[in-house]
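**Q** Below is the file entry25.txt, with compact mmCIF, N, CA and C atoms.
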# COMPACT_ATOMS: atom_id res chain seq x y z
N MET T 619 -112.04 -1.72 -106.87
CA MET T 619 -111.92 -3.11 -106.53
C MET T 619 -112.58 -3.31 -105.18
N GLY T 620 -113.74 -3.92 -105.17
CA GLY T 620 -114.46 -4.10 -103.92
C GLY T 620 -114.74 -5.55 -103.63
N MET T 621 -114.98 -5.83 -102.39
CA MET T 621 -115.30 -7.18 -101.97
C MET T 621 -116.76 -7.50 -102.32
N ILE T 622 -117.06 -8.77 -102.48
CA ILE T 622 -118.43 -9.20 -102.76
C ILE T 622 -119.30 -8.94 -101.54
N LYS T 623 -120.47 -8.41 -101.78
CA LYS T 623 -121.40 -8.14 -100.70
C LYS T 623 -122.42 -9.28 -100.67
N ASP T 624 -122.60 -9.92 -99.52
CA ASP T 624 -123.48 -11.07 -99.41
C ASP T 624 -124.96 -10.71 -99.51
N ASP T 625 -125.32 -9.45 -99.27
CA ASP T 625 -126.72 -9.09 -99.19
C ASP T 625 -127.35 -8.67 -100.51
N THR T 626 -126.63 -8.74 -101.61
CA THR T 626 -127.21 -8.33 -102.89
C THR T 626 -127.78 -9.53 -103.62
N VAL T 627 -128.89 -9.33 -104.27
CA VAL T 627 -129.53 -10.40 -105.04
C VAL T 627 -128.63 -10.81 -106.20
N ARG T 628 -127.99 -9.83 -106.83
CA ARG T 628 -127.13 -10.08 -107.98
C ARG T 628 -126.00 -11.05 -107.63
N ASN T 629 -125.45 -10.94 -106.45
CA ASN T 629 -124.34 -11.80 -106.05
C ASN T 629 -124.78 -13.19 -105.63
N ALA T 630 -126.04 -13.37 -105.29
CA ALA T 630 -126.53 -14.66 -104.82
C ALA T 630 -127.10 -15.52 -105.95
N THR T 631 -127.20 -14.97 -107.15
CA THR T 631 -127.83 -15.66 -108.27
C THR T 631 -126.88 -16.64 -108.93
N SER T 632 -127.43 -17.73 -109.44
CA SER T 632 -126.65 -18.68 -110.23
C SER T 632 -126.59 -18.14 -111.66
N TYR T 633 -125.42 -18.22 -112.28
CA TYR T 633 -125.21 -17.68 -113.61
C TYR T 633 -124.97 -18.79 -114.61
N TYR T 634 -124.85 -18.44 -115.86
CA TYR T 634 -124.66 -19.40 -116.93
C TYR T 634 -123.46 -20.30 -116.67
N TRP T 635 -122.36 -19.74 -116.17
CA TRP T 635 -121.14 -20.49 -115.95
C TRP T 635 -121.12 -21.18 -114.60
N GLY T 636 -122.15 -21.02 -113.79
CA GLY T 636 -122.21 -21.66 -112.48
C GLY T 636 -122.20 -20.63 -111.37
N GLU T 637 -121.98 -21.09 -110.17
CA GLU T 637 -121.95 -20.20 -109.01
C GLU T 637 -120.69 -19.33 -109.04
N ARG T 638 -120.77 -18.18 -108.41
CA ARG T 638 -119.60 -17.30 -108.30
C ARG T 638 -118.58 -17.92 -107.37
N THR T 639 -117.32 -17.85 -107.76
CA THR T 639 -116.24 -18.37 -106.92
C THR T 639 -115.24 -17.29 -106.54
N SER T 640 -115.29 -16.15 -107.20
CA SER T 640 -114.35 -15.07 -106.91
C SER T 640 -114.78 -14.33 -105.64
N THR T 641 -113.80 -13.92 -104.86
CA THR T 641 -114.09 -13.15 -103.65
C THR T 641 -113.87 -11.66 -103.85
N ILE T 642 -113.47 -11.26 -105.09
CA ILE T 642 -113.15 -9.86 -105.37
C ILE T 642 -113.83 -9.43 -106.66
N ASP T 643 -114.43 -8.24 -106.67
CA ASP T 643 -114.87 -7.59 -107.91
C ASP T 643 -113.72 -6.72 -108.37
N TRP T 644 -113.07 -7.08 -109.47
CA TRP T 644 -111.86 -6.39 -109.89
C TRP T 644 -112.12 -4.97 -110.38
N CYS T 645 -112.92 -4.82 -111.40
CA CYS T 645 -113.05 -3.51 -112.04
C CYS T 645 -114.47 -2.95 -112.04
N GLU T 646 -115.44 -3.82 -112.06
CA GLU T 646 -116.82 -3.40 -112.09
C GLU T 646 -117.66 -4.51 -111.46
N GLU T 647 -118.92 -4.20 -111.17
CA GLU T 647 -119.79 -5.20 -110.55
C GLU T 647 -119.98 -6.38 -111.51
N ASN T 648 -119.84 -7.58 -111.00
CA ASN T 648 -119.97 -8.77 -111.82
C ASN T 648 -121.42 -9.02 -112.21
N TYR T 649 -121.60 -9.44 -113.46
CA TYR T 649 -122.90 -9.82 -114.02
C TYR T 649 -123.95 -8.72 -113.89
N ALA T 650 -123.56 -7.48 -113.96
CA ALA T 650 -124.50 -6.36 -113.87
C ALA T 650 -125.30 -6.19 -115.16
N ILE T 651 -124.73 -6.50 -116.30
CA ILE T 651 -125.37 -6.30 -117.59
C ILE T 651 -125.89 -7.62 -118.17
N SER T 652 -125.12 -8.68 -118.03
CA SER T 652 -125.45 -9.96 -118.66
C SER T 652 -125.14 -11.11 -117.70
N ASN T 653 -125.94 -12.16 -117.75
CA ASN T 653 -125.67 -13.35 -116.95
C ASN T 653 -124.58 -14.22 -117.57
N TYR T 654 -124.11 -13.87 -118.77
CA TYR T 654 -123.10 -14.64 -119.47
C TYR T 654 -121.70 -14.05 -119.34
N ILE T 655 -121.61 -12.75 -119.09
CA ILE T 655 -120.31 -12.05 -119.02
C ILE T 655 -120.20 -11.36 -117.67
N ALA T 656 -119.16 -11.72 -116.92
CA ALA T 656 -119.02 -11.17 -115.57
C ALA T 656 -118.79 -9.66 -115.59
N GLU T 657 -117.81 -9.20 -116.33
CA GLU T 657 -117.50 -7.77 -116.41
C GLU T 657 -117.73 -7.32 -117.86
N PHE T 658 -118.95 -6.93 -118.15
CA PHE T 658 -119.40 -6.67 -119.51
C PHE T 658 -118.59 -5.59 -120.20
N TRP T 659 -118.43 -4.44 -119.58
CA TRP T 659 -117.76 -3.30 -120.24
C TRP T 659 -116.28 -3.57 -120.45
N ASN T 660 -115.63 -4.26 -119.55
CA ASN T 660 -114.22 -4.62 -119.75
C ASN T 660 -114.09 -5.58 -120.93
N THR T 661 -115.01 -6.52 -121.03
CA THR T 661 -114.98 -7.46 -122.14
C THR T 661 -115.24 -6.74 -123.47
N LEU T 662 -116.20 -5.84 -123.46
CA LEU T 662 -116.54 -5.10 -124.69
C LEU T 662 -115.36 -4.25 -125.19
N THR T 663 -114.62 -3.64 -124.29
CA THR T 663 -113.50 -2.81 -124.72
C THR T 663 -112.37 -3.64 -125.32
N ASN T 664 -112.33 -4.93 -125.03
CA ASN T 664 -111.33 -5.79 -125.65
C ASN T 664 -111.59 -6.01 -127.13
N VAL T 665 -112.80 -5.76 -127.58
CA VAL T 665 -113.11 -5.88 -129.01
C VAL T 665 -112.25 -4.92 -129.82
N ALA T 666 -112.03 -3.72 -129.30
CA ALA T 666 -111.17 -2.75 -130.00
C ALA T 666 -109.74 -3.28 -130.11
N MET T 667 -109.22 -3.85 -129.04
CA MET T 667 -107.86 -4.40 -129.06
C MET T 667 -107.76 -5.55 -130.06
N ILE T 668 -108.74 -6.42 -130.07
CA ILE T 668 -108.74 -7.56 -130.99
C ILE T 668 -108.85 -7.08 -132.44
N THR T 669 -109.72 -6.11 -132.68
CA THR T 669 -109.90 -5.58 -134.04
C THR T 669 -108.62 -4.94 -134.55
N LEU T 670 -107.98 -4.12 -133.73
CA LEU T 670 -106.74 -3.47 -134.16
C LEU T 670 -105.62 -4.48 -134.37
N ALA T 671 -105.59 -5.53 -133.58
CA ALA T 671 -104.58 -6.57 -133.76
C ALA T 671 -104.78 -7.30 -135.08
N VAL T 672 -106.02 -7.62 -135.40
CA VAL T 672 -106.30 -8.30 -136.67
C VAL T 672 -105.95 -7.39 -137.86
N LEU T 673 -106.31 -6.12 -137.76
CA LEU T 673 -105.94 -5.17 -138.82
C LEU T 673 -104.42 -5.03 -138.93
N GLY T 674 -103.73 -5.03 -137.80
CA GLY T 674 -102.27 -4.96 -137.82
C GLY T 674 -101.64 -6.17 -138.47
N ILE T 675 -102.17 -7.35 -138.18
CA ILE T 675 -101.66 -8.58 -138.79
C ILE T 675 -101.85 -8.51 -140.31
N TYR T 676 -103.05 -8.13 -140.72
CA TYR T 676 -103.34 -8.00 -142.15
C TYR T 676 -102.40 -7.00 -142.82
N SER T 677 -102.24 -5.84 -142.19
CA SER T 677 -101.40 -4.79 -142.77
C SER T 677 -99.93 -5.20 -142.82
N SER T 678 -99.45 -5.84 -141.76
CA SER T 678 -98.03 -6.22 -141.75
C SER T 678 -97.72 -7.30 -142.79
N ILE T 679 -98.67 -8.18 -143.03
CA ILE T 679 -98.47 -9.19 -144.07
C ILE T 679 -98.57 -8.55 -145.46
N ARG T 680 -99.56 -7.70 -145.62
CA ARG T 680 -99.79 -7.05 -146.93
C ARG T 680 -98.61 -6.17 -147.34
N HIS T 681 -98.06 -5.44 -146.38
CA HIS T 681 -96.96 -4.52 -146.70
C HIS T 681 -95.58 -5.12 -146.43
N ARG T 682 -95.55 -6.38 -146.09
CA ARG T 682 -94.30 -7.13 -145.87
C ARG T 682 -93.38 -6.45 -144.85
N HIS T 683 -93.95 -6.18 -143.68
CA HIS T 683 -93.17 -5.55 -142.62
C HIS T 683 -92.25 -6.52 -141.89
N GLY T 684 -92.43 -7.79 -142.09
CA GLY T 684 -91.57 -8.78 -141.48
C GLY T 684 -92.29 -9.57 -140.39
N LYS T 685 -91.66 -10.68 -140.03
CA LYS T 685 -92.26 -11.58 -139.05
C LYS T 685 -92.32 -10.99 -137.65
N ARG T 686 -91.36 -10.13 -137.32
CA ARG T 686 -91.37 -9.54 -135.97
C ARG T 686 -92.58 -8.65 -135.75
N VAL T 687 -92.93 -7.87 -136.74
CA VAL T 687 -94.09 -6.98 -136.62
C VAL T 687 -95.37 -7.82 -136.56
N THR T 688 -95.45 -8.84 -137.41
CA THR T 688 -96.62 -9.72 -137.40
C THR T 688 -96.73 -10.42 -136.04
N ALA T 689 -95.62 -10.88 -135.51
CA ALA T 689 -95.61 -11.55 -134.21
C ALA T 689 -96.06 -10.61 -133.10
N MET T 690 -95.70 -9.34 -133.21
CA MET T 690 -96.13 -8.35 -132.22
C MET T 690 -97.65 -8.23 -132.22
N TYR T 691 -98.24 -8.17 -133.41
CA TYR T 691 -99.70 -8.07 -133.51
C TYR T 691 -100.39 -9.36 -133.06
N VAL T 692 -99.78 -10.49 -133.32
CA VAL T 692 -100.32 -11.75 -132.83
C VAL T 692 -100.31 -11.75 -131.30
N GLY T 693 -99.24 -11.23 -130.70
CA GLY T 693 -99.18 -11.11 -129.24
C GLY T 693 -100.28 -10.20 -128.71
N LEU T 694 -100.52 -9.08 -129.38
CA LEU T 694 -101.60 -8.17 -128.99
C LEU T 694 -102.95 -8.86 -129.10
N LEU T 695 -103.13 -9.65 -130.15
CA LEU T 695 -104.36 -10.40 -130.33
C LEU T 695 -104.56 -11.39 -129.18
N LEU T 696 -103.51 -12.09 -128.80
CA LEU T 696 -103.61 -13.05 -127.70
C LEU T 696 -103.93 -12.36 -126.37
N VAL T 697 -103.36 -11.20 -126.14
CA VAL T 697 -103.67 -10.44 -124.93
C VAL T 697 -105.13 -10.00 -124.93
N GLY T 698 -105.63 -9.53 -126.06
CA GLY T 698 -107.02 -9.11 -126.16
C GLY T 698 -107.99 -10.24 -125.93
N VAL T 699 -107.72 -11.39 -126.55
CA VAL T 699 -108.59 -12.56 -126.38
C VAL T 699 -108.50 -13.07 -124.93
N GLY T 700 -107.28 -13.13 -124.40
CA GLY T 700 -107.10 -13.59 -123.02
C GLY T 700 -107.79 -12.68 -122.01
N SER T 701 -107.71 -11.38 -122.23
CA SER T 701 -108.36 -10.43 -121.34
C SER T 701 -109.88 -10.55 -121.41
N ALA T 702 -110.40 -10.75 -122.62
CA ALA T 702 -111.85 -10.93 -122.77
C ALA T 702 -112.31 -12.19 -122.06
N CYS T 703 -111.53 -13.26 -122.17
CA CYS T 703 -111.88 -14.50 -121.47
C CYS T 703 -111.81 -14.33 -119.95
N PHE T 704 -110.83 -13.57 -119.47
CA PHE T 704 -110.70 -13.34 -118.03
C PHE T 704 -111.88 -12.57 -117.47
N HIS T 705 -112.32 -11.58 -118.23
CA HIS T 705 -113.43 -10.74 -117.73
C HIS T 705 -114.75 -11.42 -117.98
Could you quickly redo this structure as structure tokens?

**A**
Amino acid sequence: MGMIKDDTVRNATSYYWGERTSTIDWCEENYAISNYIAEFWNTLTNVAMITLAVLGIYSSIRHRHGKRVTAMYVGLLLVGVGSACFH
């Protein structure tokens, strides 16, 4: 977790979503891979969480595990989507 450095070209560029407003790089350098996704690798790893949540929802409905299990997977899906949006 590092502070934004004013002297880098990458930090001074305007991006698809507008100017940078964050004062902290949380996990990786922002916009290093894409001008559309601030933390590309963190966002990409959320695809696994979203995929497993969707498979879990499908499986719990198919095998009639109950609403609690389905709700758990829906919660995991929401966390995955929310995390991808945050990054």

**Q** Figure out the distance between CA of Arg638 in chain T and CA of Met667 in chain T, please, to one decimal in Å.

**A**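 Here the two named atoms are 27.1 Å from each other.
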
**Q** By how many Å are atom N of Ile668 in chain T and CA of Glu647 in chain T apart?

**A** 22.5 Å

**Q** Which neighbours of range 697-703 of chain T fall inside 9 Å, counting only C-alpha atoms, when residues of the same chain fewer than 3 positions from it are skipped, and could you give them as a list in words?

**A**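 Result of the neighbour search: Asn660, Thr661, Leu662, Thr663, Asn664, Val665, Ala666, Met667, Ile668, Ala671, Val692, Gly693 and Leu694 of chain T.
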
**Q** Please produce a file of those selected residues containing N, CA and C atoms, as an mmCIF file, keeping the file's coordinate frame.

**A**
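Done, and the output landed in selection_7.cif:
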data_model
loop_
_atom_site.group_PDB
_atom_site.id
_atom_site.type_symbol
_atom_site.label_atom_id
_atom_site.label_comp_id
_atom_site.auth_asym_id
_atom_site.auth_seq_id
_atom_site.Cartn_x
_atom_site.Cartn_y
_atom_site.Cartn_z
ATOM 1 N N ASN T 660 -115.630 -4.260 -119.550
ATOM 2 C CA ASN T 660 -114.220 -4.620 -119.750
ATOM 3 C C ASN T 660 -114.090 -5.580 -120.930
ATOM 4 N N THR T 661 -115.010 -6.520 -121.030
ATOM 5 C CA THR T 661 -114.980 -7.460 -122.140
ATOM 6 C C THR T 661 -115.240 -6.740 -123.470
ATOM 7 N N LEU T 662 -116.200 -5.840 -123.460
ATOM 8 C CA LEU T 662 -116.540 -5.100 -124.690
ATOM 9 C C LEU T 662 -115.360 -4.250 -125.190
ATOM 10 N N THR T 663 -114.620 -3.640 -124.290
ATOM 11 C CA THR T 663 -113.500 -2.810 -124.720
ATOM 12 C C THR T 663 -112.370 -3.640 -125.320
ATOM 13 N N ASN T 664 -112.330 -4.930 -125.030
ATOM 14 C CA ASN T 664 -111.330 -5.790 -125.650
ATOM 15 C C ASN T 664 -111.590 -6.010 -127.130
ATOM 16 N N VAL T 665 -112.800 -5.760 -127.580
ATOM 17 C CA VAL T 665 -113.110 -5.880 -129.010
ATOM 18 C C VAL T 665 -112.250 -4.920 -129.820
ATOM 19 N N ALA T 666 -112.030 -3.720 -129.300
ATOM 20 C CA ALA T 666 -111.170 -2.750 -130.000
ATOM 21 C C ALA T 666 -109.740 -3.280 -130.110
ATOM 22 N N MET T 667 -109.220 -3.850 -129.040
ATOM 23 C CA MET T 667 -107.860 -4.400 -129.060
ATOM 24 C C MET T 667 -107.760 -5.550 -130.060
ATOM 25 N N ILE T 668 -108.740 -6.420 -130.070
ATOM 26 C CA ILE T 668 -108.740 -7.560 -130.990
ATOM 27 C C ILE T 668 -108.850 -7.080 -132.440
ATOM 28 N N ALA T 671 -105.590 -5.530 -133.580
ATOM 29 C CA ALA T 671 -104.580 -6.570 -133.760
ATOM 30 C C ALA T 671 -104.780 -7.300 -135.080
ATOM 31 N N VAL T 692 -99.780 -10.490 -133.320
ATOM 32 C CA VAL T 692 -100.320 -11.750 -132.830
ATOM 33 C C VAL T 692 -100.310 -11.750 -131.300
ATOM 34 N N GLY T 693 -99.240 -11.230 -130.700
ATOM 35 C CA GLY T 693 -99.180 -11.110 -129.240
ATOM 36 C C GLY T 693 -100.280 -10.200 -128.710
ATOM 37 N N LEU T 694 -100.520 -9.080 -129.380
ATOM 38 C CA LEU T 694 -101.600 -8.170 -128.990
ATOM 39 C C LEU T 694 -102.950 -8.860 -129.100
#

**Q** With all atoms listed in the file as the counted atoms, please give the residues lying no more than 6 Å from Asn648 in chain T, apart from itself and same-chain residues fewer than 4 positions off, as number ranges by chain.

**A** T: 643, 656-657

**Q** Identify, on the basis of only C-alpha atoms, every residue whose closest approach to Ser678 in chain T does not exceed 12 Å; exclude the query and any residue fewer than 3 positions from it along the same chain; express the result as a VMD selection string.

**A** chain T and resid 670 to 675 681 to 692

**Q** Based on the selection just made, write N, CA and C atoms of those residues as a PDB file, keeping the file's coordinate frame.

**A**
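Dumped to selection16.pdb:
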ATOM      1  N   LEU T 670    -107.980  -4.120-133.730  1.00  0.00           N
ATOM      2  CA  LEU T 670    -106.740  -3.470-134.160  1.00  0.00           C
ATOM      3  C   LEU T 670    -105.620  -4.480-134.370  1.00  0.00           C
ATOM      4  N   ALA T 671    -105.590  -5.530-133.580  1.00  0.00           N
ATOM      5  CA  ALA T 671    -104.580  -6.570-133.760  1.00  0.00           C
ATOM      6  C   ALA T 671    -104.780  -7.300-135.080  1.00  0.00           C
ATOM      7  N   VAL T 672    -106.020  -7.620-135.400  1.00  0.00           N
ATOM      8  CA  VAL T 672    -106.300  -8.300-136.670  1.00  0.00           C
ATOM      9  C   VAL T 672    -105.950  -7.390-137.860  1.00  0.00           C
ATOM     10  N   LEU T 673    -106.310  -6.120-137.760  1.00  0.00           N
ATOM     11  CA  LEU T 673    -105.940  -5.170-138.820  1.00  0.00           C
ATOM     12  C   LEU T 673    -104.420  -5.030-138.930  1.00  0.00           C
ATOM     13  N   GLY T 674    -103.730  -5.030-137.800  1.00  0.00           N
ATOM     14  CA  GLY T 674    -102.270  -4.960-137.820  1.00  0.00           C
ATOM     15  C   GLY T 674    -101.640  -6.170-138.470  1.00  0.00           C
ATOM     16  N   ILE T 675    -102.170  -7.350-138.180  1.00  0.00           N
ATOM     17  CA  ILE T 675    -101.660  -8.580-138.790  1.00  0.00           C
ATOM     18  C   ILE T 675    -101.850  -8.510-140.310  1.00  0.00           C
ATOM     19  N   HIS T 681     -98.060  -5.440-146.380  1.00  0.00           N
ATOM     20  CA  HIS T 681     -96.960  -4.520-146.700  1.00  0.00           C
ATOM     21  C   HIS T 681     -95.580  -5.120-146.430  1.00  0.00           C
ATOM     22  N   ARG T 682     -95.550  -6.380-146.090  1.00  0.00           N
ATOM     23  CA  ARG T 682     -94.300  -7.130-145.870  1.00  0.00           C
ATOM     24  C   ARG T 682     -93.380  -6.450-144.850  1.00  0.00           C
ATOM     25  N   HIS T 683     -93.950  -6.180-143.680  1.00  0.00           N
ATOM     26  CA  HIS T 683     -93.170  -5.550-142.620  1.00  0.00           C
ATOM     27  C   HIS T 683     -92.250  -6.520-141.890  1.00  0.00           C
ATOM     28  N   GLY T 684     -92.430  -7.790-142.090  1.00  0.00           N
ATOM     29  CA  GLY T 684     -91.570  -8.780-141.480  1.00  0.00           C
ATOM     30  C   GLY T 684     -92.290  -9.570-140.390  1.00  0.00           C
ATOM     31  N   LYS T 685     -91.660 -10.680-140.030  1.00  0.00           N
ATOM     32  CA  LYS T 685     -92.260 -11.580-139.050  1.00  0.00           C
ATOM     33  C   LYS T 685     -92.320 -10.990-137.650  1.00  0.00           C
ATOM     34  N   ARG T 686     -91.360 -10.130-137.320  1.00  0.00           N
ATOM     35  CA  ARG T 686     -91.370  -9.540-135.970  1.00  0.00           C
ATOM     36  C   ARG T 686     -92.580  -8.650-135.750  1.00  0.00           C
ATOM     37  N   VAL T 687     -92.930  -7.870-136.740  1.00  0.00           N
ATOM     38  CA  VAL T 687     -94.090  -6.980-136.620  1.00  0.00           C
ATOM     39  C   VAL T 687     -95.370  -7.820-136.560  1.00  0.00           C
ATOM     40  N   THR T 688     -95.450  -8.840-137.410  1.00  0.00           N
ATOM     41  CA  THR T 688     -96.620  -9.720-137.400  1.00  0.00           C
ATOM     42  C   THR T 688     -96.730 -10.420-136.040  1.00  0.00           C
ATOM     43  N   ALA T 689     -95.620 -10.880-135.510  1.00  0.00           N
ATOM     44  CA  ALA T 689     -95.610 -11.550-134.210  1.00  0.00           C
ATOM     45  C   ALA T 689     -96.060 -10.610-133.100  1.00  0.00           C
ATOM     46  N   MET T 690     -95.700  -9.340-133.210  1.00  0.00           N
ATOM     47  CA  MET T 690     -96.130  -8.350-132.220  1.00  0.00           C
ATOM     48  C   MET T 690     -97.650  -8.230-132.220  1.00  0.00           C
ATOM     49  N   TYR T 691     -98.240  -8.170-133.410  1.00  0.00           N
ATOM     50  CA  TYR T 691     -99.700  -8.070-133.510  1.00  0.00           C
ATOM     51  C   TYR T 691    -100.390  -9.360-133.060  1.00  0.00           C
ATOM     52  N   VAL T 692     -99.780 -10.490-133.320  1.00  0.00           N
ATOM     53  CA  VAL T 692    -100.320 -11.750-132.830  1.00  0.00           C
ATOM     54  C   VAL T 692    -100.310 -11.750-131.300  1.00  0.00           C
TER      55      VAL T 692
END

**Q** Which residues in chain T does DSSP call strand (DSSP E or B)? List them as JSON, numbers by chain.

**A** {"T": [620, 621, 633, 636, 642, 643]}

**Q** Can you list, as a ChimeraX atom specification, all residues belonging to chain T that DSSP tags as alpha helix (DSSP H)?

**A** /T:627-630,658-680,685-704

**Q** From the set T:Thr641, T:Phe658, T:Tyr633, T:Ala650, which residue has the shortest atom-to-atom contact distance to His705 in chain T, counting all atoms listed in the file?

**A**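 Nearest candidate to His705 in chain T out of T:Thr641, T:Phe658, T:Tyr633, T:Ala650: T:Phe658.
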
**Q** Would you mind reading off the distance between CA of Ile655 in chain T and CA of Tyr676 in chain T, one decimal, in Å?

**A**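 So the two atoms, CA of Ile655 in chain T and CA of Tyr676 in chain T, lie 29.0 Å apart.
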
**Q** Looking at T:Leu696, T:Ser652, T:Phe704, T:Thr669, which one is nearest to Tyr634 in chain T, with distances taken over only C-alpha atoms?

**A**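 Comparing T:Leu696, T:Ser652, T:Phe704, T:Thr669 against Tyr634 in chain T, the winner is T:Ser652.
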